[in-house]
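Chemist: Supplied structure: work-v3.cif, mmCIF, C-alpha atoms and all ligand atoms.
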data_upload
#
loop_
_atom_site.label_atom_id
_atom_site.label_comp_id
_atom_site.auth_asym_id
_atom_site.auth_seq_id
_atom_site.Cartn_x
_atom_site.Cartn_y
_atom_site.Cartn_z
CA MET A 225 1.56 20.40 60.64
CA ALA A 226 4.77 20.60 58.58
CA SER A 227 6.61 18.40 61.03
CA LEU A 228 3.79 15.85 60.83
CA ARG A 229 4.11 15.89 57.02
CA HIS A 230 7.88 15.37 57.29
CA ALA A 231 7.35 12.53 59.74
CA LEU A 232 4.90 10.87 57.36
CA ILE A 233 7.28 11.25 54.38
CA ARG A 234 10.14 9.92 56.51
CA SER A 235 8.12 6.92 57.60
CA PHE A 236 7.06 6.33 53.92
CA LEU A 237 10.71 6.46 52.81
CA ILE A 238 11.74 4.13 55.63
CA LYS A 239 8.96 1.71 54.70
CA ARG A 240 9.35 1.82 50.88
CA GLY A 241 12.71 3.57 50.75
CA PRO A 242 14.77 4.68 47.73
CA ASP A 243 16.37 1.22 47.90
CA GLU A 244 12.98 -0.34 47.34
CA THR A 245 12.49 1.74 44.18
CA THR A 246 15.95 0.82 42.91
CA LYS A 247 15.25 -2.83 43.67
CA ARG A 248 11.95 -2.69 41.76
CA LEU A 249 13.66 -1.04 38.79
CA LEU A 250 16.41 -3.68 38.83
CA THR A 251 13.84 -6.49 38.98
CA LEU A 252 11.94 -4.95 36.07
CA SER A 253 15.12 -4.52 34.01
CA SER A 254 16.26 -8.08 34.71
CA ALA A 255 12.79 -9.41 33.73
CA LEU A 256 13.02 -7.44 30.46
CA ASN A 257 16.55 -8.76 29.87
CA SER A 258 15.56 -12.37 30.42
CA GLU A 259 12.54 -11.94 28.13
CA LEU A 260 14.83 -10.49 25.43
CA ARG A 261 17.33 -13.29 25.93
CA GLN A 262 14.64 -15.96 25.62
CA LYS A 263 13.46 -14.39 22.35
CA GLN A 264 17.05 -14.37 21.04
CA ILE A 265 17.63 -18.03 21.96
CA ASP A 266 14.24 -19.10 20.49
CA LEU A 267 15.10 -17.37 17.21
CA LEU A 268 18.72 -18.50 16.87
CA SER A 269 18.17 -22.12 17.89
CA LYS A 270 15.91 -22.53 14.83
CA TYR A 271 19.04 -22.43 12.62
CA PRO A 272 21.40 -25.26 13.58
CA GLY A 273 24.66 -26.44 11.99
CA GLY A 274 28.37 -26.29 12.73
CA CYS A 275 29.85 -25.57 16.16
CA VAL A 276 32.40 -23.43 17.96
CA ASP A 277 35.22 -25.38 19.59
CA LEU A 278 37.46 -24.35 22.46
CA GLU A 279 40.75 -26.02 23.39
CA LYS A 280 42.33 -24.65 26.55
CA ASN A 281 45.91 -25.43 27.52
CA ASP A 282 46.38 -24.83 31.27
CA LYS A 283 50.15 -25.19 30.98
CA THR A 284 50.70 -22.43 28.41
CA GLY A 285 47.58 -20.47 29.32
CA ILE A 286 46.78 -20.27 25.59
CA ALA A 287 43.41 -21.36 24.19
CA VAL A 288 42.35 -21.91 20.60
CA LEU A 289 38.78 -20.94 19.72
CA THR A 290 37.68 -22.37 16.34
CA LEU A 291 34.65 -21.57 14.19
CA ASN A 292 33.77 -24.94 12.78
CA ASN A 293 31.44 -25.07 9.79
CA PRO A 294 33.88 -25.95 7.00
CA THR A 295 31.35 -26.87 4.29
CA LYS A 296 30.07 -23.28 4.43
CA LYS A 297 33.45 -21.59 4.90
CA ASN A 298 32.65 -21.28 8.64
CA ALA A 299 29.52 -19.20 8.07
CA LEU A 300 27.86 -18.57 11.45
CA THR A 301 24.58 -20.41 11.98
CA GLY A 302 22.19 -19.56 14.83
CA SER A 303 23.36 -22.46 16.98
CA MET A 304 26.99 -21.39 16.45
CA MET A 305 26.12 -17.95 17.84
CA ILE A 306 24.74 -19.64 20.97
CA ASP A 307 27.81 -21.90 21.12
CA PHE A 308 30.09 -18.88 20.81
CA GLU A 309 28.47 -17.38 23.92
CA LYS A 310 29.11 -20.56 25.93
CA ARG A 311 32.79 -20.56 24.93
CA VAL A 312 33.14 -16.90 25.92
CA GLU A 313 31.57 -17.70 29.31
CA ASP A 314 34.13 -20.47 29.76
CA LEU A 315 37.00 -18.10 28.88
CA GLU A 316 35.72 -15.42 31.25
CA SER A 317 36.27 -17.70 34.21
CA TRP A 318 39.51 -19.39 33.06
CA GLU A 319 41.90 -18.85 35.96
CA LYS A 320 45.01 -20.15 34.24
CA GLY A 321 44.30 -18.31 30.98
CA ARG A 322 46.63 -15.78 29.39
CA GLY A 323 45.67 -15.61 25.74
CA VAL A 324 43.33 -16.83 22.98
CA ILE A 325 43.81 -17.50 19.28
CA PHE A 326 40.52 -17.05 17.40
CA LYS A 327 40.44 -18.86 14.05
CA GLY A 328 38.28 -20.73 11.56
CA SER A 329 38.55 -24.37 10.51
CA GLY A 330 40.00 -25.47 7.17
CA ASN A 331 42.31 -22.51 6.56
CA THR A 332 39.59 -19.93 6.27
CA PHE A 333 38.27 -17.54 8.90
CA CYS A 334 34.53 -16.90 8.43
CA SER A 335 32.26 -16.05 5.49
CA GLY A 336 29.88 -14.08 7.74
CA ALA A 337 26.37 -14.98 8.80
CA ASP A 338 24.99 -18.16 7.26
CA LEU A 339 23.01 -16.78 4.33
CA ASN A 340 19.97 -18.87 5.33
CA VAL A 341 20.04 -17.18 8.74
CA ALA A 342 20.59 -13.76 7.15
CA ARG A 343 17.56 -14.33 4.90
CA ALA A 344 15.30 -15.62 7.70
CA VAL A 345 16.29 -12.76 9.99
CA GLY A 346 15.56 -10.23 7.22
CA GLU A 347 12.19 -11.84 6.54
CA GLY A 348 11.36 -11.51 10.23
CA LYS A 349 12.01 -7.76 10.15
CA ASP A 350 8.49 -6.92 11.35
CA SER A 351 8.99 -9.10 14.42
CA GLY A 352 12.30 -7.35 15.22
CA HIS A 353 14.49 -10.34 14.27
CA PRO A 354 17.39 -8.25 12.87
CA SER A 355 17.61 -6.42 16.17
CA LEU A 356 17.46 -9.69 18.16
CA MET A 357 20.39 -11.19 16.22
CA SER A 358 22.34 -7.94 16.24
CA SER A 359 22.05 -7.34 19.99
CA PHE A 360 22.91 -10.98 20.74
CA MET A 361 26.07 -10.84 18.60
CA GLN A 362 27.07 -7.41 19.94
CA ASN A 363 26.83 -8.72 23.48
CA ILE A 364 29.05 -11.74 22.80
CA THR A 365 31.62 -9.87 20.72
CA SER A 366 31.83 -7.12 23.37
CA ARG A 367 32.34 -9.73 26.08
CA PHE A 368 35.01 -11.41 23.95
CA PHE A 369 36.66 -8.03 23.30
CA ASN A 370 36.71 -7.36 27.04
CA LEU A 371 38.07 -10.74 28.15
CA PRO A 372 40.94 -10.34 30.60
CA LEU A 373 43.09 -12.31 28.12
CA ILE A 374 45.22 -11.26 25.16
CA THR A 375 43.34 -12.18 21.99
CA VAL A 376 44.63 -12.73 18.46
CA ALA A 377 42.56 -13.31 15.32
CA LEU A 378 44.28 -15.74 12.98
CA VAL A 379 42.93 -14.70 9.58
CA GLU A 380 43.30 -16.90 6.51
CA GLY A 381 41.06 -17.23 3.46
CA ALA A 382 37.80 -15.30 3.75
CA ALA A 383 36.74 -12.89 6.48
CA LEU A 384 33.62 -11.36 4.96
CA GLY A 385 30.64 -9.40 6.28
CA GLY A 386 30.00 -10.56 9.84
CA GLY A 387 33.31 -12.51 9.52
CA ALA A 388 35.21 -9.23 9.09
CA GLU A 389 33.37 -7.87 12.15
CA LEU A 390 34.63 -10.84 14.19
CA VAL A 391 38.20 -9.98 13.15
CA THR A 392 37.80 -6.68 15.02
CA CYS A 393 36.85 -8.23 18.35
CA CYS A 394 40.44 -9.34 19.03
CA ASP A 395 43.32 -7.26 20.42
CA PHE A 396 45.61 -8.27 17.53
CA ARG A 397 45.35 -9.71 14.02
CA VAL A 398 47.83 -12.12 12.41
CA VAL A 399 46.86 -12.31 8.74
CA SER A 400 47.78 -14.43 5.75
CA SER A 401 49.14 -12.42 2.80
CA SER A 402 46.45 -14.03 0.63
CA ALA A 403 43.52 -13.48 3.05
CA ASN A 404 40.42 -11.68 1.79
CA ILE A 405 39.05 -9.29 4.38
CA GLY A 406 35.92 -7.42 3.37
CA PHE A 407 33.30 -5.41 5.18
CA VAL A 408 30.97 -6.34 2.32
CA GLN A 409 27.78 -5.36 4.15
CA ALA A 410 27.00 -2.58 1.63
CA ARG A 411 27.04 -5.13 -1.20
CA MET A 412 24.49 -7.09 0.85
CA GLY A 413 22.28 -4.01 1.30
CA LEU A 414 23.26 -4.00 4.99
CA SER A 415 25.36 -2.16 7.54
CA PRO A 416 27.47 -3.77 10.30
CA GLY A 417 25.33 -5.14 13.10
CA TRP A 418 27.64 -7.26 15.24
CA GLY A 419 29.43 -4.34 16.93
CA GLY A 420 32.01 -4.28 14.11
CA GLY A 421 31.18 -0.71 13.05
CA VAL A 422 31.95 0.72 16.50
CA ARG A 423 35.12 -1.38 16.89
CA LEU A 424 36.37 -0.60 13.35
CA VAL A 425 36.16 3.16 13.94
CA ASN A 426 37.97 2.78 17.26
CA LEU A 427 40.64 0.64 15.61
CA LEU A 428 41.33 2.54 12.37
CA GLY A 429 39.80 5.97 12.90
CA ARG A 430 36.83 7.55 11.15
CA LEU A 431 38.27 8.00 7.66
CA LYS A 432 39.71 4.53 7.08
CA ALA A 433 36.64 2.88 8.60
CA LEU A 434 34.39 4.91 6.31
CA GLN A 435 36.52 3.98 3.28
CA LEU A 436 36.31 0.26 4.05
CA LEU A 437 32.59 0.29 4.89
CA SER A 438 31.34 2.49 2.07
CA SER A 439 33.49 0.92 -0.69
CA ALA A 440 32.87 -2.63 0.61
CA SER A 441 36.29 -3.41 -0.88
CA ILE A 442 38.02 -6.70 -0.16
CA ILE A 443 41.61 -6.28 0.95
CA LYS A 444 44.56 -8.68 1.19
CA GLY A 445 47.00 -9.09 4.07
CA PHE A 446 49.57 -6.40 3.16
CA GLU A 447 46.90 -3.77 2.55
CA ALA A 448 45.34 -4.67 5.87
CA GLN A 449 48.76 -4.17 7.48
CA GLU A 450 49.23 -0.81 5.75
CA ILE A 451 46.01 0.59 7.19
CA GLY A 452 46.60 -0.87 10.65
CA LEU A 453 44.12 -3.74 10.49
CA ALA A 454 46.82 -6.47 10.50
CA ASP A 455 49.63 -6.63 13.07
CA GLU A 456 51.62 -9.42 11.42
CA ILE A 457 51.56 -11.07 8.00
CA PHE A 458 52.50 -14.63 7.13
CA GLY A 459 53.06 -16.33 3.79
CA GLU A 460 51.58 -19.42 2.17
CA PHE A 461 54.41 -21.70 3.33
CA ASP A 462 54.25 -20.66 7.00
CA ASP A 463 52.42 -22.76 9.57
CA SER A 464 49.56 -20.41 10.44
CA LEU A 465 48.82 -21.66 13.98
CA GLU A 466 52.52 -21.70 14.84
CA THR A 467 52.89 -18.12 13.56
CA ALA A 468 49.91 -16.91 15.62
CA THR A 469 51.10 -18.79 18.73
CA SER A 470 54.59 -17.36 18.48
CA PHE A 471 53.13 -13.84 18.00
CA LEU A 472 50.85 -14.26 21.02
CA THR A 473 53.64 -15.66 23.21
CA ASN A 474 55.34 -12.23 23.12
CA TYR A 475 52.47 -10.99 25.28
CA THR A 476 51.74 -14.01 27.48
CA LYS A 477 55.10 -14.62 29.18
CA PHE A 478 54.08 -13.46 32.65
CA ALA A 479 51.79 -14.97 35.28
CA PRO A 480 48.06 -15.12 34.40
CA ASP A 481 47.18 -12.61 37.14
CA VAL A 482 49.70 -10.11 35.77
CA ILE A 483 48.56 -10.50 32.14
CA LYS A 484 44.92 -10.15 33.24
CA ALA A 485 45.75 -7.03 35.24
CA MET A 486 47.45 -5.46 32.19
CA LYS A 487 44.46 -6.18 29.99
CA ARG A 488 42.13 -4.73 32.63
CA VAL A 489 44.26 -1.58 32.88
CA VAL A 490 44.01 -1.10 29.11
CA ILE A 491 40.25 -1.78 29.01
CA ASN A 492 39.74 0.62 31.90
CA ALA A 493 41.74 3.36 30.22
CA SER A 494 40.43 2.92 26.71
CA ARG A 495 38.40 5.72 25.28
CA SER A 496 35.31 3.66 24.63
CA ASP A 497 34.33 2.44 28.01
CA MET A 498 31.79 -0.36 28.25
CA GLN A 499 28.90 1.99 28.94
CA SER A 500 29.44 4.21 25.92
CA VAL A 501 30.01 1.18 23.67
CA GLU A 502 26.63 -0.16 24.82
CA THR A 503 24.94 3.07 23.78
CA LEU A 504 26.79 3.15 20.45
CA ASN A 505 25.93 -0.50 19.80
CA THR A 506 22.23 0.20 20.38
CA LYS A 507 22.39 2.85 17.66
CA GLU A 508 24.31 0.44 15.37
CA THR A 509 21.51 -2.12 15.87
CA GLN A 510 18.87 0.46 14.96
CA ILE A 511 20.70 1.30 11.72
CA PHE A 512 21.17 -2.42 10.93
CA GLN A 513 17.48 -3.11 11.64
CA SER A 514 16.49 -0.29 9.25
CA LEU A 515 18.30 -1.99 6.33
CA CYS A 516 17.99 -5.70 7.12
CA GLY A 517 15.13 -7.28 5.18
CA GLY A 518 14.78 -4.13 3.04
CA LEU A 519 14.70 -4.09 -0.76
CA ALA A 520 18.47 -3.86 -1.38
CA ASN A 521 19.13 -6.61 1.15
CA LEU A 522 16.54 -8.99 -0.29
CA GLU A 523 17.79 -8.33 -3.83
CA ALA A 524 21.36 -9.13 -2.78
CA LEU A 525 20.23 -12.35 -1.05
CA ASN A 526 18.25 -13.40 -4.12
CA LYS A 527 21.28 -12.86 -6.37
CA LYS A 528 23.30 -15.20 -4.08
CA SER A 529 26.44 -13.39 -5.15
CA LYS A 530 29.89 -14.71 -4.40
CA PHE A 531 32.58 -12.19 -3.51
C1 LIG B 1 24.71 -10.61 8.46
C2 LIG B 1 25.70 -10.03 7.52
C3 LIG B 1 26.55 -9.04 8.22
O1 LIG B 1 27.47 -8.58 7.62
O2 LIG B 1 26.26 -8.65 9.35
C4 LIG B 1 26.53 -11.11 6.85
O3 LIG B 1 27.55 -11.55 7.31
S1 LIG B 1 25.88 -11.68 5.42
C5 LIG B 1 27.03 -12.85 4.80
C6 LIG B 1 28.07 -12.17 3.94
N1 LIG B 1 28.92 -13.17 3.32
C7 LIG B 1 28.70 -13.67 2.11
O4 LIG B 1 27.76 -13.27 1.42
C8 LIG B 1 29.66 -14.76 1.66
C9 LIG B 1 29.28 -15.33 0.33
N2 LIG B 1 30.26 -16.35 -0.05
C10 LIG B 1 31.32 -16.12 -0.82
O5 LIG B 1 31.56 -14.98 -1.24
C11 LIG B 1 32.19 -17.28 -1.17
O6 LIG B 1 31.45 -18.49 -0.89
C12 LIG B 1 33.55 -17.30 -0.39
C13 LIG B 1 33.33 -17.20 1.13
C14 LIG B 1 34.43 -16.18 -0.87
C15 LIG B 1 34.25 -18.65 -0.64
O7 LIG B 1 34.40 -18.88 -2.06
P1 LIG B 1 34.99 -20.29 -2.57
O8 LIG B 1 35.00 -20.26 -4.06
O9 LIG B 1 36.27 -20.57 -1.87
O10 LIG B 1 33.98 -21.39 -2.03
P2 LIG B 1 32.43 -21.59 -2.40
O11 LIG B 1 31.82 -20.33 -2.85
O12 LIG B 1 32.32 -22.77 -3.32
O13 LIG B 1 31.82 -21.93 -0.96
C16 LIG B 1 31.78 -23.23 -0.43
C17 LIG B 1 30.37 -23.48 0.09
O14 LIG B 1 30.13 -22.59 1.18
C18 LIG B 1 28.90 -21.91 0.98
N3 LIG B 1 28.94 -20.60 1.65
C19 LIG B 1 29.92 -19.68 1.60
N4 LIG B 1 29.62 -18.62 2.36
C20 LIG B 1 28.41 -18.87 2.91
C21 LIG B 1 27.55 -18.17 3.80
N5 LIG B 1 27.87 -16.97 4.30
N6 LIG B 1 26.39 -18.74 4.14
C22 LIG B 1 26.04 -19.96 3.66
N7 LIG B 1 26.81 -20.68 2.82
C23 LIG B 1 27.98 -20.14 2.45
C24 LIG B 1 28.82 -21.78 -0.53
O15 LIG B 1 27.49 -21.52 -0.93
C25 LIG B 1 29.31 -23.16 -0.96
O16 LIG B 1 28.25 -24.08 -0.78
P3 LIG B 1 27.97 -25.27 -1.81
O17 LIG B 1 29.22 -26.13 -1.71
O18 LIG B 1 26.75 -25.94 -1.30
O19 LIG B 1 27.83 -24.63 -3.14
#
Would you put the structure from the file into structure tokens?
Ligand SMILES: C[C@@H](C(=O)O)C(=O)SCCNC(=O)CCNC(=O)[C@H](O)C(C)(C)COP(=O)(O)OP(=O)(O)OC[C@H]1O[C@@H](n2cnc3c(N)ncnc32)[C@H](O)[C@@H]1OP(=O)(O)O

Modeler:
Amino acid sequence: MASLRHALIRSFLIKRGPDETTKRLLTLSSALNSELRQKQIDLLSKYPGGCVDLEKNDKTGIAVLTLNNPTKKNALTGSMMIDFEKRVEDLESWEKGRGVIFKGSGNTFCSGADLNVARAVGEGKDSGHPSLMSSFMQNITSRFFNLPLITVALVEGAALGGGAELVTCCDFRVVSSSANIGFVQARMGLSPGWGGGVRLVNLLGRLKALQLLSSASIIKGFEAQEIGLADEIFGEFDDSLETATSFLTNYTKFAPDVIKAMKRVVINASRSDMQSVETLNTKETQIFQSLCGGLANLEALNKKSKF
């Protein structure tokens, strides 16, 4: 009797098999992912304006990625978020690539999310819009952070709110002495939601990250250097792109395969592996979703304050 039972179970497993179950789970998870992605794209594409440009130089292996929305100090619109993803995809498969300089147009980095987008996302709180934007931006910034290329943020002018979060998704930061870097989310009745909270703690440690986030203070280049947020400072008479390129060139002298291997070694060995960052980011999104569109956030948006 027992052996008949075993035979039946065996034949069931052979027919359906553990592989079948795994396959079904994978299919379900990929269906959920594509549904989520469609919702993200539907939401973000409602807010057009600006673009994200990529110039790749196969000879030097250095690319320049530029946030381009100069009339709004390179504030990120919904369509720019989608654009950003396409550029990251392009960089992920760039065989001759060694490094990337990430900058804003018109001598300023990024003033954060476009306030019209921030407002609309907050107003769509009940439909989960804050979480849709947050998870979309976390995914892109994590992919950028994990590119097999050496990345440098060239920071001039303003890097505020989401703009300050973008500064953290590079390996290095070359910063103007007069730059204004501010994790001003608290002033907006918000918390970081683009993966910048997780990356800031990993970069500066708990205490300094908490100081910057809870004071929402805006710091200049030398202060950023003092706390470890800036790796090199340049002055008002220096050519900013030249300074960033010459900084980056220190780390991009060898063949693309070698540079990529070094970056992969570091990613592999770093404390926050991709899996744990994903879990931490999900929590960051939940915290962001709890504030976004709340009273303090709507009050801040209505005041339209300038920092
Ligand atoms: C989602 C959240 C997050 O943290 O996760 C966020 O990022 S919330 C976003 C947090 N960021 C902010 O709140 C930035 C607010 N903006 C500012 O503090 C300031 O504009 C600065 C960025 C410091 C630039 O001051 P400055 O005197 O140089 O120029 P300005 O104020 O005349 O700005 C030039 C034009 O850009 C617009 N502008 C600036 N930042 C903008 C933004 N984030 N969204 C939409 N428009 C923006 C201004 O309204 C103005 O438009 P007109 O020429 O039409 O008057």

Chemist: Might you pull out every residue within 8 Å of A:Val391, with all atoms listed in the file counted and same-chain residues fewer than 4 positions away left off, and present them as a PyMOL selection string?

Modeler: chain A and resi 377+379+383+387+397

Chemist: When distances are computed from all atoms listed in the file, which of A:Arg430, A:Arg411, A:Lys280, A:Arg322 shows the smallest separation from ligand LIG 1 (chain B)?

Modeler: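 Closest to ligand LIG 1 (chain B), using all atoms listed in the file: A:Arg411.
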
Chemist: Pick out the closest residue to ligand LIG 1 (chain B) from this set: A:Gly385, A:Gly348, A:Gly421, A:Gly273. Count all atoms listed in the file.

Modeler: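 Checking each candidate against ligand LIG 1 (chain B), we get A:Gly385 as the closest.
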
Chemist: Give me, as CSV, the closest atom pair and its distance (Å, one decimal) for every residue of chain A within a cut-off of 6 Å of ligand LIG 1 (chain B), counting all atoms listed in the file, rows sorted by chain and rising number.

Modeler:
residue,atom,partner,partner_atom,distance
A:Thr295,CA,B:LIG1,O14,5.4
A:Lys296,CA,B:LIG1,O14,3.3
A:Lys297,CA,B:LIG1,O14,5.1
A:Ala299,CA,B:LIG1,N5,4.7
A:Ser335,CA,B:LIG1,C13,4.6
A:Gly336,CA,B:LIG1,O3,3.5
A:Ala337,CA,B:LIG1,O3,3.9
A:Asp338,CA,B:LIG1,N6,3.5
A:Leu339,CA,B:LIG1,N6,3.9
A:Ala342,CA,B:LIG1,C1,5.3
A:Ala382,CA,B:LIG1,C13,5.5
A:Leu384,CA,B:LIG1,N1,5.3
A:Gly385,CA,B:LIG1,O1,3.5
A:Gly386,CA,B:LIG1,O3,3.7
A:Gln409,CA,B:LIG1,O1,4.7
A:Pro416,CA,B:LIG1,O2,5.1
A:Gly417,CA,B:LIG1,O2,5.2
A:Lys530,CA,B:LIG1,O5,3.6
A:Phe531,CA,B:LIG1,O5,3.7

Chemist: Save the residues we just selected, C-alpha atoms, as a PDB file, in the coordinates of the input?

Modeler:
ATOM      1  CA  THR A 295      31.350 -26.870   4.290  1.00  0.00           C
ATOM      2  CA  LYS A 296      30.070 -23.280   4.430  1.00  0.00           C
ATOM      3  CA  LYS A 297      33.450 -21.590   4.900  1.00  0.00           C
ATOM      4  CA  ALA A 299      29.520 -19.200   8.070  1.00  0.00           C
ATOM      5  CA  SER A 335      32.260 -16.050   5.490  1.00  0.00           C
ATOM      6  CA  GLY A 336      29.880 -14.080   7.740  1.00  0.00           C
ATOM      7  CA  ALA A 337      26.370 -14.980   8.800  1.00  0.00           C
ATOM      8  CA  ASP A 338      24.990 -18.160   7.260  1.00  0.00           C
ATOM      9  CA  LEU A 339      23.010 -16.780   4.330  1.00  0.00           C
ATOM     10  CA  ALA A 342      20.590 -13.760   7.150  1.00  0.00           C
ATOM     11  CA  ALA A 382      37.800 -15.300   3.750  1.00  0.00           C
ATOM     12  CA  LEU A 384      33.620 -11.360   4.960  1.00  0.00           C
ATOM     13  CA  GLY A 385      30.640  -9.400   6.280  1.00  0.00           C
ATOM     14  CA  GLY A 386      30.000 -10.560   9.840  1.00  0.00           C
ATOM     15  CA  GLN A 409      27.780  -5.360   4.150  1.00  0.00           C
ATOM     16  CA  PRO A 416      27.470  -3.770  10.300  1.00  0.00           C
ATOM     17  CA  GLY A 417      25.330  -5.140  13.100  1.00  0.00           C
ATOM     18  CA  LYS A 530      29.890 -14.710  -4.400  1.00  0.00           C
ATOM     19  CA  PHE A 531      32.580 -12.190  -3.510  1.00  0.00           C
TER      20      PHE A 531
END

Chemist: Using only C-alpha atoms, what table do you get, as JSON lines, when you list each residue of stretch 256-340 of chain A with an atom no more than 12 Å from stretch 365-368 of chain A, its nearest pair of atoms, and their distance in Å rounded to one decimal, rows by chain then rising number?

Modeler:
{"residue": "A:Leu289", "atom": "CA", "partner": "A:Phe368", "partner_atom": "CA", "distance": 11.1}
{"residue": "A:Met305", "atom": "CA", "partner": "A:Thr365", "partner_atom": "CA", "distance": 10.2}
{"residue": "A:Ile306", "atom": "CA", "partner": "A:Thr365", "partner_atom": "CA", "distance": 12.0}
{"residue": "A:Phe308", "atom": "CA", "partner": "A:Thr365", "partner_atom": "CA", "distance": 9.1}
{"residue": "A:Glu309", "atom": "CA", "partner": "A:Thr365", "partner_atom": "CA", "distance": 8.8}
{"residue": "A:Lys310", "atom": "CA", "partner": "A:Phe368", "partner_atom": "CA", "distance": 11.1}
{"residue": "A:Arg311", "atom": "CA", "partner": "A:Phe368", "partner_atom": "CA", "distance": 9.5}
{"residue": "A:Val312", "atom": "CA", "partner": "A:Phe368", "partner_atom": "CA", "distance": 6.1}
{"residue": "A:Glu313", "atom": "CA", "partner": "A:Arg367", "partner_atom": "CA", "distance": 8.6}
{"residue": "A:Asp314", "atom": "CA", "partner": "A:Phe368", "partner_atom": "CA", "distance": 10.8}
{"residue": "A:Leu315", "atom": "CA", "partner": "A:Phe368", "partner_atom": "CA", "distance": 8.5}
{"residue": "A:Glu316", "atom": "CA", "partner": "A:Phe368", "partner_atom": "CA", "distance": 8.4}
{"residue": "A:Gly323", "atom": "CA", "partner": "A:Phe368", "partner_atom": "CA", "distance": 11.6}
{"residue": "A:Val324", "atom": "CA", "partner": "A:Phe368", "partner_atom": "CA", "distance": 10.0}
{"residue": "A:Ile325", "atom": "CA", "partner": "A:Phe368", "partner_atom": "CA", "distance": 11.7}
{"residue": "A:Phe326", "atom": "CA", "partner": "A:Phe368", "partner_atom": "CA", "distance": 10.3}

Chemist: Work out how far atom CA of A:Phe360 is from atom CA of A:Gly346, in Å to one decimal.

Modeler: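 A separation of 15.4 Å between them.
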
Chemist: Work out how far atom CA of A:Tyr271 is from atom CA of A:Leu300, in Å to one decimal.

Modeler: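 Interatomic distance, atom CA of A:Leu300 to atom CA of A:Tyr271: 9.7 Å.
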
Chemist: My list of candidates is A:Asp455, A:Asp266, A:Glu450, A:Asp481. Which is closest to A:Leu356 when distances are computed with all atoms listed in the file?

Modeler: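 The shortest atom-to-atom distance to A:Leu356 comes from A:Asp266.
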
Chemist: Just the residues within 8 Å of A:Ile511, please, counting only C-alpha atoms, with nothing from its chain fewer than 4 positions along; format it as a PyMOL selection string.

Modeler: chain A and resi 415+507+515

Chemist: Find the spatial neighbours of A:Val399, counting only C-alpha atoms, within a cut-off of 12 Å - ignore same-chain residues fewer than 3 positions away - and output them as a PyMOL selection string.

Modeler: chain A and resi 326-327+331-333+376-383+391+396+402-405+443-449+452-460+462-465+467-468+471

Chemist: Rank nothing, just name the residue among A:Leu278, A:Ala388, A:Met361, A:Ile491 nearest to A:Ile265, using all atoms listed in the file.

Modeler: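 Nearest candidate to A:Ile265 out of A:Leu278, A:Ala388, A:Met361, A:Ile491: A:Met361.
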
Chemist: To one decimal place, how far is atom CA of A:Phe369 from atom CA of A:Gly413 in Å?

Modeler: 26.6 Å

Chemist: Using only C-alpha atoms, which of A:Met412, A:Leu260, A:Cys393, A:Ala287 sits nearest A:Lys528?

Modeler: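 Among the listed residues, A:Met412 lies closest to A:Lys528.
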
Chemist: Between A:Leu250, A:Asn292, A:Asn363, A:Glu347, which one has atoms that come closest to A:Gln264, using all atoms listed in the file?

Modeler: A:Asn363

Chemist: Within 7 Å of A:Gly321, counting only C-alpha atoms, which residues show up once you throw out same-chain ones fewer than 6 positions away? Write them as a ChimeraX atom specification, please.

Modeler: /A:282,285-286,373,480
